[in-house]
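Chemist: My questions will all concern the structure given below.
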Amino acid sequence: MTTPFVPAGPLSGAAGERTLAVVSAGLSQPSSTRLLADRLADATVRELEDAGHTVRVETIELRDLAHAVVDAMLTRFPTGDLARALETVTGADGLIAVSPVFTTSYSGLFKSFWDVVDPDSLTGMPVLLGATGGTARHSLALEYTMRPLFTYLRADVVPTSVFAATDDWAASADDPGAGLPKRISRAGRDLAQRVARRENDGPVDPFAATPSFTELLGGS
């Protein structure tokens, strides 16, 4: 049985600037994965701006970071553009993560990127998931592979995830009753609600628990 969609109440949280990090794992240029990521970001931004927030969107194309991701997996030390991308993701108020689906799962590049992210840095982060594939039969990859990954990272994954098959793009983006645009709009509102009420303290300081020199000397 399909549960009818009931619009949520007004967004809560004090108005102010919010930052959205958008991670796209599309391998081609242009890609349907990036297109879906952009539309999810647009829907979220509209909801936040309607609630009085200003929004900054930072988009990360993993295709451009592929070699750096592999290097970081080998050395455990991200540098350059990859290090800046990780800072963007962990310092954002909300995250949109979109991957193509290959062989019933997310792409290897998508998984490798999250393997080099500090496993504690996404705790409580509002996350919206999206995926693209050739046919709708791949859609369950969102719930059986992507959602468990971010649940393991203790992120706050929104209920609505969006899968876009090739046929879904035939629907007009201006038709709110069409399947894909309707799901995108709903997902954007889900994420905006969480982003609006979240207080973000920024990325985790890896040295926060390190004792000072005085503490090491016993306070003398």
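Naming works like this for the structure tokens: A, B, ... for the chains as they're shown, residue 1 at the start of each chain, ligands 1 onward in shown order.
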Going by DSSP on the backbone, which residues of range 13-206 of chain A come out as strand (DSSP E or B)? List them as a PyMOL selection string.

Modeler: chain A and resi 17-24+54-61+94-102+105-106+126-133+156-157+162-165

Chemist: Create the file for the chosen residues now, containing N, CA and C atoms and written as a tab-separated table (two decimals), in the first residue's frame.

Modeler:
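Produced file part_21.tsv, reproduced below:
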```
chain	number	residue	atom	x	y	z
A	17	GLU	N	22.53	31.96	7.26
A	17	GLU	CA	23.16	31.31	6.12
A	17	GLU	C	23.30	29.82	6.37
A	18	ARG	N	23.01	29.04	5.36
A	18	ARG	CA	23.19	27.60	5.40
A	18	ARG	C	24.05	27.18	4.21
A	19	THR	N	24.89	26.16	4.43
A	19	THR	CA	25.74	25.65	3.37
A	19	THR	C	25.34	24.23	3.03
A	20	LEU	N	25.12	23.97	1.74
A	20	LEU	CA	24.83	22.63	1.26
A	20	LEU	C	26.04	22.10	0.50
A	21	ALA	N	26.50	20.92	0.86
A	21	ALA	CA	27.53	20.23	0.09
A	21	ALA	C	26.84	19.21	-0.80
A	22	VAL	N	27.17	19.23	-2.08
A	22	VAL	CA	26.56	18.32	-3.05
A	22	VAL	C	27.66	17.46	-3.64
A	23	VAL	N	27.58	16.15	-3.43
A	23	VAL	CA	28.59	15.22	-3.92
A	23	VAL	C	27.99	14.40	-5.05
A	24	SER	N	28.56	14.53	-6.24
A	24	SER	CA	28.09	13.80	-7.42
A	24	SER	C	29.17	12.84	-7.89
A	54	THR	N	19.58	32.25	3.73
A	54	THR	CA	20.44	32.36	2.55
A	54	THR	C	21.23	31.06	2.46
A	55	VAL	N	21.47	30.62	1.23
A	55	VAL	CA	22.06	29.30	1.03
A	55	VAL	C	23.26	29.38	0.09
A	56	ARG	N	24.33	28.74	0.50
A	56	ARG	CA	25.51	28.60	-0.35
A	56	ARG	C	25.66	27.13	-0.72
A	57	VAL	N	25.76	26.84	-2.01
A	57	VAL	CA	25.87	25.47	-2.50
A	57	VAL	C	27.28	25.21	-2.99
A	58	GLU	N	27.91	24.16	-2.47
A	58	GLU	CA	29.25	23.75	-2.88
A	58	GLU	C	29.14	22.37	-3.52
A	59	THR	N	29.41	22.29	-4.83
A	59	THR	CA	29.27	21.03	-5.54
A	59	THR	C	30.63	20.38	-5.77
A	60	ILE	N	30.70	19.09	-5.48
A	60	ILE	CA	31.94	18.33	-5.61
A	60	ILE	C	31.73	17.22	-6.63
A	61	GLU	N	32.49	17.26	-7.70
A	61	GLU	CA	32.46	16.22	-8.73
A	61	GLU	C	33.56	15.21	-8.41
A	94	GLY	N	24.24	20.66	5.51
A	94	GLY	CA	23.49	19.55	4.94
A	94	GLY	C	24.24	18.99	3.74
A	95	LEU	N	23.93	17.75	3.41
A	95	LEU	CA	24.66	17.05	2.36
A	95	LEU	C	23.69	16.36	1.41
A	96	ILE	N	23.98	16.49	0.11
A	96	ILE	CA	23.28	15.73	-0.92
A	96	ILE	C	24.30	14.82	-1.59
A	97	ALA	N	24.05	13.53	-1.58
A	97	ALA	CA	25.00	12.56	-2.14
A	97	ALA	C	24.30	11.73	-3.20
A	98	VAL	N	24.85	11.74	-4.42
A	98	VAL	CA	24.21	11.06	-5.55
A	98	VAL	C	25.23	10.20	-6.27
A	99	SER	N	24.85	8.97	-6.57
A	99	SER	CA	25.75	8.03	-7.25
A	99	SER	C	25.01	7.32	-8.37
A	100	PRO	N	25.70	6.98	-9.44
A	100	PRO	CA	25.13	6.03	-10.40
A	100	PRO	C	25.12	4.64	-9.77
A	101	VAL	N	24.22	3.79	-10.23
A	101	VAL	CA	24.14	2.42	-9.74
A	101	VAL	C	24.73	1.47	-10.77
A	102	PHE	N	25.72	0.70	-10.34
A	102	PHE	CA	26.34	-0.32	-11.18
A	102	PHE	C	26.25	-1.66	-10.46
A	105	SER	N	24.64	-1.69	-6.98
A	105	SER	CA	25.22	-0.94	-5.88
A	105	SER	C	25.77	0.39	-6.37
A	106	TYR	N	26.19	1.25	-5.41
A	106	TYR	CA	26.79	2.52	-5.77
A	106	TYR	C	28.13	2.27	-6.46
A	126	PRO	N	22.48	16.16	8.30
A	126	PRO	CA	21.33	15.86	7.45
A	126	PRO	C	21.80	15.49	6.04
A	127	VAL	N	21.36	14.33	5.56
A	127	VAL	CA	21.82	13.82	4.27
A	127	VAL	C	20.63	13.40	3.42
A	128	LEU	N	20.64	13.83	2.16
A	128	LEU	CA	19.66	13.42	1.17
A	128	LEU	C	20.37	12.55	0.14
A	129	LEU	N	19.82	11.37	-0.14
A	129	LEU	CA	20.44	10.42	-1.05
A	129	LEU	C	19.72	10.37	-2.38
A	130	GLY	N	20.51	10.26	-3.45
A	130	GLY	CA	19.96	10.11	-4.78
A	130	GLY	C	20.79	9.12	-5.58
A	131	ALA	N	20.18	8.53	-6.59
A	131	ALA	CA	20.90	7.58	-7.43
A	131	ALA	C	20.28	7.58	-8.82
A	132	THR	N	21.08	7.19	-9.80
A	132	THR	CA	20.62	7.10	-11.18
A	132	THR	C	20.97	5.73	-11.74
A	133	GLY	N	20.16	5.28	-12.69
A	133	GLY	CA	20.41	3.99	-13.32
A	133	GLY	C	19.59	3.85	-14.58
A	156	ASP	N	22.15	11.82	9.64
A	156	ASP	CA	20.70	11.95	9.75
A	156	ASP	C	20.12	11.88	8.35
A	157	VAL	N	19.86	10.66	7.87
A	157	VAL	CA	19.41	10.46	6.49
A	157	VAL	C	17.91	10.74	6.40
A	162	VAL	N	15.78	9.63	-3.72
A	162	VAL	CA	15.29	9.79	-5.09
A	162	VAL	C	16.14	8.97	-6.06
A	163	PHE	N	15.47	8.08	-6.78
A	163	PHE	CA	16.11	7.32	-7.85
A	163	PHE	C	15.56	7.80	-9.18
A	164	ALA	N	16.45	8.03	-10.14
A	164	ALA	CA	16.03	8.48	-11.46
A	164	ALA	C	16.51	7.50	-12.52
A	165	ALA	N	15.57	6.81	-13.14
A	165	ALA	CA	15.88	5.93	-14.26
A	165	ALA	C	15.86	6.75	-15.55
```

Chemist: I need the residues of range 40-138 of chain A that end up classed as alpha helix (DSSP H) by DSSP on the backbone, written out as a PyMOL selection string.

Modeler: chain A and resi 40-50+66-75+80-90+108-115

Chemist: At a cut-off of 8 Å, using only C-alpha atoms, what residues contact Arg189 in chain A? Leave out same-chain residues fewer than 2 positions from it and give the result as a ChimeraX atom specification.

Modeler: /A:43-44,47,185-187,191-193

Chemist: Please list as a PyMOL selection string every residue within 12 Å of Leu86 in chain A, counting only C-alpha atoms and excluding residues in the same chain fewer than 5 positions away.

Modeler: chain A and resi 21-23+58-60+62+65+68-69+72+77-81+91-92+95+113-119+121-122+203-204

Chemist: Dump N, CA and C atoms for the selected residues as an mmCIF file, in the first residue's frame?

Modeler:
```
data_model
loop_
_atom_site.group_PDB
_atom_site.id
_atom_site.type_symbol
_atom_site.label_atom_id
_atom_site.label_comp_id
_atom_site.auth_asym_id
_atom_site.auth_seq_id
_atom_site.Cartn_x
_atom_site.Cartn_y
_atom_site.Cartn_z
ATOM 1 N N ALA A 21 26.501 20.924 0.862
ATOM 2 C CA ALA A 21 27.530 20.235 0.092
ATOM 3 C C ALA A 21 26.835 19.213 -0.796
ATOM 4 N N VAL A 22 27.167 19.228 -2.081
ATOM 5 C CA VAL A 22 26.559 18.320 -3.047
ATOM 6 C C VAL A 22 27.664 17.458 -3.639
ATOM 7 N N VAL A 23 27.577 16.151 -3.429
ATOM 8 C CA VAL A 23 28.593 15.222 -3.924
ATOM 9 C C VAL A 23 27.988 14.396 -5.052
ATOM 10 N N GLU A 58 27.908 24.160 -2.467
ATOM 11 C CA GLU A 58 29.247 23.752 -2.880
ATOM 12 C C GLU A 58 29.139 22.371 -3.525
ATOM 13 N N THR A 59 29.410 22.290 -4.825
ATOM 14 C CA THR A 59 29.273 21.030 -5.542
ATOM 15 C C THR A 59 30.631 20.377 -5.770
ATOM 16 N N ILE A 60 30.703 19.095 -5.481
ATOM 17 C CA ILE A 60 31.943 18.332 -5.610
ATOM 18 C C ILE A 60 31.729 17.220 -6.629
ATOM 19 N N LEU A 62 33.185 14.007 -8.011
ATOM 20 C CA LEU A 62 34.189 13.004 -7.644
ATOM 21 C C LEU A 62 35.025 12.570 -8.839
ATOM 22 N N LEU A 65 38.269 14.091 -8.778
ATOM 23 C CA LEU A 65 39.112 13.770 -7.624
ATOM 24 C C LEU A 65 39.515 12.294 -7.585
ATOM 25 N N ALA A 68 43.143 11.431 -6.729
ATOM 26 C CA ALA A 68 43.459 11.866 -5.372
ATOM 27 C C ALA A 68 42.806 10.960 -4.340
ATOM 28 N N VAL A 69 41.609 10.454 -4.638
ATOM 29 C CA VAL A 69 40.931 9.542 -3.722
ATOM 30 C C VAL A 69 41.723 8.245 -3.573
ATOM 31 N N ALA A 72 44.781 8.856 -1.503
ATOM 32 C CA ALA A 72 44.455 9.003 -0.089
ATOM 33 C C ALA A 72 44.157 7.653 0.562
ATOM 34 N N PHE A 77 46.251 9.993 3.761
ATOM 35 C CA PHE A 77 46.509 11.416 3.974
ATOM 36 C C PHE A 77 46.023 12.204 2.759
ATOM 37 N N PRO A 78 44.779 12.739 2.796
ATOM 38 C CA PRO A 78 44.260 13.516 1.668
ATOM 39 C C PRO A 78 44.953 14.865 1.553
ATOM 40 N N THR A 79 45.200 15.287 0.345
ATOM 41 C CA THR A 79 45.862 16.565 0.108
ATOM 42 C C THR A 79 45.127 17.352 -0.970
ATOM 43 N N GLY A 80 45.529 18.605 -1.147
ATOM 44 C CA GLY A 80 45.063 19.434 -2.258
ATOM 45 C C GLY A 80 43.560 19.561 -2.341
ATOM 46 N N ASP A 81 43.028 19.392 -3.569
ATOM 47 C CA ASP A 81 41.601 19.568 -3.808
ATOM 48 C C ASP A 81 40.765 18.567 -3.016
ATOM 49 N N GLY A 91 32.061 20.338 6.933
ATOM 50 C CA GLY A 91 31.690 21.621 7.504
ATOM 51 C C GLY A 91 30.353 22.141 7.059
ATOM 52 N N ALA A 92 29.645 21.381 6.206
ATOM 53 C CA ALA A 92 28.367 21.841 5.661
ATOM 54 C C ALA A 92 27.241 21.665 6.675
ATOM 55 N N LEU A 95 23.932 17.747 3.412
ATOM 56 C CA LEU A 95 24.662 17.047 2.359
ATOM 57 C C LEU A 95 23.694 16.362 1.407
ATOM 58 N N PHE A 113 35.377 7.442 -1.879
ATOM 59 C CA PHE A 113 35.392 8.795 -1.309
ATOM 60 C C PHE A 113 34.984 8.750 0.152
ATOM 61 N N TRP A 114 33.920 8.034 0.472
ATOM 62 C CA TRP A 114 33.461 7.992 1.865
ATOM 63 C C TRP A 114 34.414 7.182 2.734
ATOM 64 N N ASP A 115 35.220 6.330 2.125
ATOM 65 C CA ASP A 115 36.222 5.588 2.884
ATOM 66 C C ASP A 115 37.339 6.489 3.402
ATOM 67 N N VAL A 116 37.551 7.624 2.759
ATOM 68 C CA VAL A 116 38.616 8.523 3.224
ATOM 69 C C VAL A 116 38.066 9.673 4.074
ATOM 70 N N VAL A 117 36.749 9.688 4.287
ATOM 71 C CA VAL A 117 36.140 10.673 5.177
ATOM 72 C C VAL A 117 36.270 10.178 6.614
ATOM 73 N N ASP A 118 36.600 11.079 7.528
ATOM 74 C CA ASP A 118 36.649 10.732 8.948
ATOM 75 C C ASP A 118 35.296 10.137 9.347
ATOM 76 N N PRO A 119 35.276 8.904 9.863
ATOM 77 C CA PRO A 119 33.998 8.235 10.151
ATOM 78 C C PRO A 119 33.146 8.930 11.199
ATOM 79 N N SER A 121 32.887 12.351 11.321
ATOM 80 C CA SER A 121 32.637 13.729 10.895
ATOM 81 C C SER A 121 31.227 13.966 10.357
ATOM 82 N N LEU A 122 30.476 12.902 10.079
ATOM 83 C CA LEU A 122 29.120 13.068 9.551
ATOM 84 C C LEU A 122 28.046 12.789 10.597
ATOM 85 N N PRO A 203 33.378 21.156 11.249
ATOM 86 C CA PRO A 203 34.024 19.848 11.195
ATOM 87 C C PRO A 203 34.652 19.464 12.520
ATOM 88 N N VAL A 204 34.749 18.167 12.733
ATOM 89 C CA VAL A 204 35.343 17.651 13.967
ATOM 90 C C VAL A 204 36.829 17.981 13.998
#
```

Chemist: Provide the CA of Asp71 in chain A to CA of Leu36 in chain A distance in Å, to one decimal place.

Modeler: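 Pair CA of Asp71 in chain A / CA of Leu36 in chain A returns 28.1 Å.
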
Chemist: What's around Val45 in chain A at 8 Å? Count only C-alpha atoms, leave out sequence neighbours fewer than 3 positions away in its own chain, and write the answer as a list in words.

Modeler: Ala41, Asp42, Leu48, Glu49, Val55, Gly188 and Ala192 of chain A

Chemist: Next, write the just-selected residues to a file, as a PDB file, in the first residue's frame, keeping all heavy atoms as the atom set.

Modeler:
```pdb
ATOM      1  N   ALA A  41      19.483  19.841  -5.219  1.00  0.00           N
ATOM      2  CA  ALA A  41      19.997  21.046  -4.561  1.00  0.00           C
ATOM      3  C   ALA A  41      19.059  22.224  -4.794  1.00  0.00           C
ATOM      4  O   ALA A  41      18.764  22.990  -3.856  1.00  0.00           O
ATOM      5  CB  ALA A  41      21.398  21.369  -5.078  1.00  0.00           C
ATOM      6  N   ASP A  42      18.578  22.396  -6.021  1.00  0.00           N
ATOM      7  CA  ASP A  42      17.662  23.499  -6.325  1.00  0.00           C
ATOM      8  C   ASP A  42      16.392  23.413  -5.473  1.00  0.00           C
ATOM      9  O   ASP A  42      15.903  24.434  -4.960  1.00  0.00           O
ATOM     10  CB  ASP A  42      17.283  23.480  -7.807  1.00  0.00           C
ATOM     11  CG  ASP A  42      18.438  23.874  -8.716  1.00  0.00           C
ATOM     12  OD1 ASP A  42      19.430  24.444  -8.212  1.00  0.00           O
ATOM     13  OD2 ASP A  42      18.358  23.599  -9.934  1.00  0.00           O
ATOM     14  N   LEU A  48      14.565  26.408   1.620  1.00  0.00           N
ATOM     15  CA  LEU A  48      15.279  27.175   2.641  1.00  0.00           C
ATOM     16  C   LEU A  48      15.131  28.677   2.424  1.00  0.00           C
ATOM     17  O   LEU A  48      14.951  29.440   3.383  1.00  0.00           O
ATOM     18  CB  LEU A  48      16.757  26.780   2.639  1.00  0.00           C
ATOM     19  CG  LEU A  48      17.084  25.408   3.250  1.00  0.00           C
ATOM     20  CD1 LEU A  48      18.519  25.014   2.947  1.00  0.00           C
ATOM     21  CD2 LEU A  48      16.843  25.423   4.759  1.00  0.00           C
ATOM     22  N   GLU A  49      15.216  29.113   1.171  1.00  0.00           N
ATOM     23  CA  GLU A  49      15.066  30.543   0.886  1.00  0.00           C
ATOM     24  C   GLU A  49      13.657  31.024   1.191  1.00  0.00           C
ATOM     25  O   GLU A  49      13.477  32.150   1.668  1.00  0.00           O
ATOM     26  CB  GLU A  49      15.440  30.821  -0.566  1.00  0.00           C
ATOM     27  CG  GLU A  49      16.938  30.690  -0.834  1.00  0.00           C
ATOM     28  CD  GLU A  49      17.317  31.024  -2.260  1.00  0.00           C
ATOM     29  OE1 GLU A  49      16.423  30.969  -3.140  1.00  0.00           O
ATOM     30  OE2 GLU A  49      18.500  31.304  -2.503  1.00  0.00           O
ATOM     31  N   VAL A  55      21.474  30.617   1.231  1.00  0.00           N
ATOM     32  CA  VAL A  55      22.061  29.296   1.034  1.00  0.00           C
ATOM     33  C   VAL A  55      23.257  29.384   0.093  1.00  0.00           C
ATOM     34  O   VAL A  55      23.193  30.033  -0.956  1.00  0.00           O
ATOM     35  CB  VAL A  55      21.028  28.308   0.445  1.00  0.00           C
ATOM     36  CG1 VAL A  55      21.614  26.890   0.414  1.00  0.00           C
ATOM     37  CG2 VAL A  55      19.735  28.330   1.243  1.00  0.00           C
ATOM     38  N   GLY A 188      13.611  17.529  -1.324  1.00  0.00           N
ATOM     39  CA  GLY A 188      14.194  18.826  -1.009  1.00  0.00           C
ATOM     40  C   GLY A 188      13.601  19.426   0.252  1.00  0.00           C
ATOM     41  O   GLY A 188      14.310  20.017   1.071  1.00  0.00           O
ATOM     42  N   ALA A 192      15.555  20.262   3.706  1.00  0.00           N
ATOM     43  CA  ALA A 192      15.516  21.653   4.169  1.00  0.00           C
ATOM     44  C   ALA A 192      15.037  21.746   5.608  1.00  0.00           C
ATOM     45  O   ALA A 192      15.546  22.561   6.393  1.00  0.00           O
ATOM     46  CB  ALA A 192      14.610  22.481   3.254  1.00  0.00           C
TER      47      ALA A 192
END
```
